[in-house]
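Visitor: Handing you a structure now.
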Amino acid sequence: MKYDFAGPQWVAFMHGLICEKVAALGDQMKGLDWSFCEVFTDPPPELSPDGSPLAWSCVVKGANVEFFDDDLPGAAVRIVADYNAVLPLARYDSKGDEARAQELASMSQELVRTGKLIVHGDRTQQDSRIANLHDPIAGVTK
């Protein structure tokens with residue numbers, strides 16, 4: 001099944017994915033304090049009739065996951081991106097291949113260079129056990 005990028009079903013899938021990762025890690029999650037937010041500007045009218053940005057965010061503290069379908073300005077990492085510019089990246093599955101992962105990184109860097117993707121915070125400080133969600137979500141992104 002595929003879902004509209006950043007639409008309600010896509011966000012629900014993301015929520016479930018994060019909860020599954022946290023649950024699978026069990027006691028390894030002790031002490032983890034992680035927060036993340038994505039905001040997508042200028043979304044299509046079928047997803048945001050009034051043109052308001054779409055957003056999702058989560059806070060993970062230990063094994064507790066709080067998930068929101070809203071902006072979280074205080075998140076440790078907050079990404080703001082133009083919906084149409086970032087859509088090809090959202091659909092790009094690296095398939096675990098290093099060359100494809102590098103291509104994805106180059107595509108992302110180009111959006112940062114042109115101001116279509118802005119990263120607030122330091123993504124390198126995120127716990128990779130939770131933060132590595134790209135390929136699973138790319139597989140379900142319409």
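Lettering and numbering for the structure tokens are positional, with chains as A, B, ... in the shown order, residues counted from 1 in each chain, and ligands counted from 1 in the shown order.
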Do you know which residues are at most 6 Å from stretch 28-39 of chain A counting only C-alpha atoms, after dropping those on the same chain fewer than 4 positions away, and could you put them as a list in words?
Guide: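 So, after excluding close chain neighbours, the residues are Leu54, Ala55, Trp56, Ser57, Cys58, Val59, Val60, Lys61, Gly62, Ala63, Leu72, Ala75, Ala76, Val77, Arg78, Ile79 and Val80 of chain A.
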Visitor: Using DSSP secondary structure from the backbone, list all strand (DSSP E) positions within chain A, as an MDAnalysis selection string.
Guide: chainID A and resid 33:41 54:61 64:68 77:82 117:120
Visitor: Those residues with N, CA, C and O atoms, as a short mmCIF file (atom, residue, chain, number, x, y, z; two decimals), in the first residue's frame please?
Guide:
```cif
data_model
loop_
_atom_site.label_atom_id
_atom_site.label_comp_id
_atom_site.auth_asym_id
_atom_site.auth_seq_id
_atom_site.Cartn_x
_atom_site.Cartn_y
_atom_site.Cartn_z
N ASP A 33 16.68 10.44 24.72
CA ASP A 33 15.84 11.63 24.67
C ASP A 33 16.01 12.19 23.26
O ASP A 33 17.04 12.78 22.94
N TRP A 34 15.03 11.95 22.40
CA TRP A 34 15.14 12.23 20.97
C TRP A 34 13.88 12.96 20.52
O TRP A 34 12.77 12.56 20.86
N SER A 35 14.04 14.01 19.75
CA SER A 35 12.87 14.69 19.18
C SER A 35 13.18 15.11 17.75
O SER A 35 14.31 15.45 17.41
N PHE A 36 12.14 15.05 16.95
CA PHE A 36 12.30 15.28 15.51
C PHE A 36 11.01 15.88 14.96
O PHE A 36 9.92 15.53 15.42
N CYS A 37 11.14 16.74 13.98
CA CYS A 37 9.97 17.36 13.36
C CYS A 37 10.26 17.63 11.89
O CYS A 37 11.37 18.00 11.52
N GLU A 38 9.24 17.39 11.06
CA GLU A 38 9.31 17.77 9.65
C GLU A 38 8.10 18.64 9.33
O GLU A 38 6.98 18.32 9.72
N VAL A 39 8.37 19.73 8.63
CA VAL A 39 7.33 20.65 8.19
C VAL A 39 7.45 20.77 6.67
O VAL A 39 8.54 21.01 6.15
N PHE A 40 6.33 20.61 5.98
CA PHE A 40 6.32 20.66 4.52
C PHE A 40 5.48 21.85 4.07
O PHE A 40 4.27 21.88 4.28
N THR A 41 6.13 22.81 3.46
CA THR A 41 5.45 24.03 3.02
C THR A 41 4.87 23.85 1.63
O THR A 41 5.31 23.00 0.86
N LEU A 54 2.07 21.16 6.16
CA LEU A 54 1.83 19.87 6.80
C LEU A 54 3.02 19.59 7.71
O LEU A 54 4.14 19.98 7.39
N ALA A 55 2.77 18.92 8.83
CA ALA A 55 3.87 18.65 9.74
C ALA A 55 3.60 17.38 10.54
O ALA A 55 2.46 16.97 10.71
N TRP A 56 4.68 16.79 10.99
CA TRP A 56 4.61 15.70 11.97
C TRP A 56 5.82 15.85 12.87
O TRP A 56 6.84 16.43 12.49
N SER A 57 5.69 15.36 14.08
CA SER A 57 6.80 15.43 15.02
C SER A 57 6.67 14.32 16.05
O SER A 57 5.59 13.76 16.24
N CYS A 58 7.77 14.02 16.68
CA CYS A 58 7.72 13.03 17.76
C CYS A 58 8.80 13.32 18.79
O CYS A 58 9.81 13.97 18.51
N VAL A 59 8.52 12.83 19.99
CA VAL A 59 9.45 12.92 21.10
C VAL A 59 9.54 11.51 21.67
O VAL A 59 8.53 10.88 21.97
N VAL A 60 10.77 11.01 21.79
CA VAL A 60 11.01 9.69 22.36
C VAL A 60 11.85 9.90 23.62
O VAL A 60 12.94 10.47 23.54
N LYS A 61 11.31 9.48 24.74
CA LYS A 61 12.05 9.53 26.01
C LYS A 61 12.03 8.12 26.56
O LYS A 61 10.98 7.62 26.96
N ASN A 64 9.10 5.65 25.85
CA ASN A 64 7.86 6.40 25.66
C ASN A 64 7.92 7.21 24.37
O ASN A 64 8.86 7.96 24.13
N VAL A 65 6.90 7.04 23.52
CA VAL A 65 6.82 7.76 22.25
C VAL A 65 5.61 8.68 22.28
O VAL A 65 4.49 8.24 22.52
N GLU A 66 5.85 9.96 22.06
CA GLU A 66 4.75 10.91 21.86
C GLU A 66 4.83 11.35 20.41
O GLU A 66 5.89 11.74 19.93
N PHE A 67 3.71 11.29 19.74
CA PHE A 67 3.69 11.60 18.31
C PHE A 67 2.62 12.65 18.06
O PHE A 67 1.54 12.60 18.64
N PHE A 68 2.93 13.60 17.17
CA PHE A 68 2.02 14.71 16.89
C PHE A 68 1.92 14.93 15.38
O PHE A 68 2.90 14.76 14.67
N VAL A 77 15.87 18.25 16.23
CA VAL A 77 16.08 18.41 14.79
C VAL A 77 14.73 18.74 14.18
O VAL A 77 13.73 18.05 14.39
N ARG A 78 14.69 19.82 13.44
CA ARG A 78 13.47 20.28 12.78
C ARG A 78 13.82 20.60 11.34
O ARG A 78 14.71 21.41 11.07
N ILE A 79 13.12 19.93 10.43
CA ILE A 79 13.37 20.11 9.00
C ILE A 79 12.17 20.83 8.39
O ILE A 79 11.02 20.43 8.63
N VAL A 80 12.44 21.87 7.64
CA VAL A 80 11.40 22.60 6.92
C VAL A 80 11.75 22.49 5.44
O VAL A 80 12.85 22.86 5.03
N ALA A 81 10.80 21.95 4.66
CA ALA A 81 11.10 21.71 3.25
C ALA A 81 9.89 22.06 2.38
O ALA A 81 8.75 21.89 2.79
N ASP A 82 10.19 22.50 1.19
CA ASP A 82 9.17 22.70 0.17
C ASP A 82 8.64 21.33 -0.24
O ASP A 82 9.42 20.44 -0.61
N LEU A 117 15.21 23.18 1.48
CA LEU A 117 15.23 22.29 2.64
C LEU A 117 16.13 22.94 3.67
O LEU A 117 17.29 23.24 3.39
N ILE A 118 15.56 23.21 4.84
CA ILE A 118 16.30 23.86 5.91
C ILE A 118 16.31 22.93 7.11
O ILE A 118 15.26 22.46 7.54
N VAL A 119 17.50 22.68 7.63
CA VAL A 119 17.65 21.80 8.78
C VAL A 119 18.03 22.65 9.99
O VAL A 119 19.05 23.34 9.96
N HIS A 120 17.20 22.58 11.02
CA HIS A 120 17.49 23.23 12.29
C HIS A 120 17.94 22.14 13.25
O HIS A 120 17.25 21.13 13.41
#
```
Visitor: Skip A:Asn132 itself and residues of its chain fewer than 6 positions away, then list as a tab-separated table (two decimals) with N, CA, C and O atoms, in the first residue's frame all residues within 12 Å of it, counting only C-alpha atoms.
Guide:
```tsv
chain	number	residue	atom	x	y	z
A	14	MET	N	4.24	6.45	9.69
A	14	MET	CA	5.46	6.92	10.34
A	14	MET	C	5.37	6.71	11.85
A	14	MET	O	6.32	6.23	12.48
A	17	LEU	N	5.81	3.07	12.64
A	17	LEU	CA	7.19	2.66	12.40
A	17	LEU	C	8.09	3.05	13.57
A	17	LEU	O	8.90	2.24	14.05
A	18	ILE	N	7.94	4.26	14.05
A	18	ILE	CA	8.75	4.71	15.19
A	18	ILE	C	8.41	3.90	16.44
A	18	ILE	O	9.30	3.45	17.16
A	21	LYS	N	10.02	0.48	16.21
A	21	LYS	CA	11.47	0.53	16.44
A	21	LYS	C	11.78	0.67	17.93
A	21	LYS	O	12.65	-0.03	18.46
A	36	PHE	N	12.14	15.05	16.95
A	36	PHE	CA	12.30	15.28	15.51
A	36	PHE	C	11.01	15.88	14.96
A	36	PHE	O	9.92	15.53	15.42
A	94	SER	N	16.97	3.98	-1.04
A	94	SER	CA	18.37	3.66	-1.29
A	94	SER	C	18.60	2.16	-1.36
A	94	SER	O	19.67	1.72	-1.79
A	96	GLY	N	19.43	0.17	0.70
A	96	GLY	CA	20.59	-0.26	1.45
A	96	GLY	C	21.90	-0.18	0.68
A	96	GLY	O	22.93	-0.60	1.17
A	101	ALA	N	22.60	5.65	-1.46
A	101	ALA	CA	22.54	6.49	-0.27
A	101	ALA	C	23.31	7.79	-0.50
A	101	ALA	O	22.86	8.87	-0.09
A	123	ARG	N	21.56	16.88	12.83
A	123	ARG	CA	21.08	15.52	12.54
A	123	ARG	C	22.11	14.46	12.88
A	123	ARG	O	21.74	13.32	13.13
A	124	THR	N	23.36	14.80	12.93
A	124	THR	CA	24.38	13.80	13.25
A	124	THR	C	24.33	13.38	14.71
A	124	THR	O	24.90	12.36	15.07
A	126	GLN	N	21.58	12.53	16.26
A	126	GLN	CA	20.42	11.68	16.49
A	126	GLN	C	20.82	10.22	16.63
A	126	GLN	O	21.80	9.77	16.05
A	138	ALA	N	10.10	5.46	2.39
A	138	ALA	CA	10.14	5.68	0.94
A	138	ALA	C	9.34	4.59	0.21
A	138	ALA	O	8.68	4.86	-0.80
```
Visitor: Fewer than 5 positions away in the same chain doesn't count, so skip those; otherwise give me all residues within 8 Å of A:Ala90, counting only C-alpha atoms, as a ChimeraX atom specification.
Guide: /A:5,134,137-138,141
Visitor: Selected residues, C-alpha atoms, written as a short mmCIF file (atom, residue, chain, number, x, y, z; two decimals), in the first residue's frame, please.
Guide:
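Wrote result_12.cif, looks like this:
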```cif
data_model
loop_
_atom_site.label_atom_id
_atom_site.label_comp_id
_atom_site.auth_asym_id
_atom_site.auth_seq_id
_atom_site.Cartn_x
_atom_site.Cartn_y
_atom_site.Cartn_z
CA PHE A 5 3.47 11.96 1.12
CA HIS A 134 14.08 6.77 5.27
CA ILE A 137 8.94 5.18 4.53
CA ALA A 138 10.14 5.68 0.94
CA THR A 141 5.32 7.00 -0.30
#
```
Visitor: Can you measure atom CA of A:Pro45 to atom CA of A:Ala105 for me? One decimal in Å is fine.
Guide: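 About the pair atom CA of A:Pro45 and atom CA of A:Ala105: they are 28.6 Å apart.
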Visitor: As a VMD selection string, please: all residues of chain A that backbone DSSP puts in alpha helix (DSSP H).
Guide: chain A and resid 8 to 25 83 to 91 98 to 113 128 to 131 134 to 138
Visitor: Using Å and a single decimal, report how far atom CA of A:Phe13 sits from atom CA of A:Asp71.
Guide: 17.5 Å
Visitor: Between A:Lys142, A:Arg113, A:Leu133, A:Pro43, which one has atoms that come closest to A:Tyr83, using only C-alpha atoms?
Guide: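 Of A:Lys142, A:Arg113, A:Leu133, A:Pro43, the one nearest A:Tyr83, counting only C-alpha atoms, is A:Pro43.
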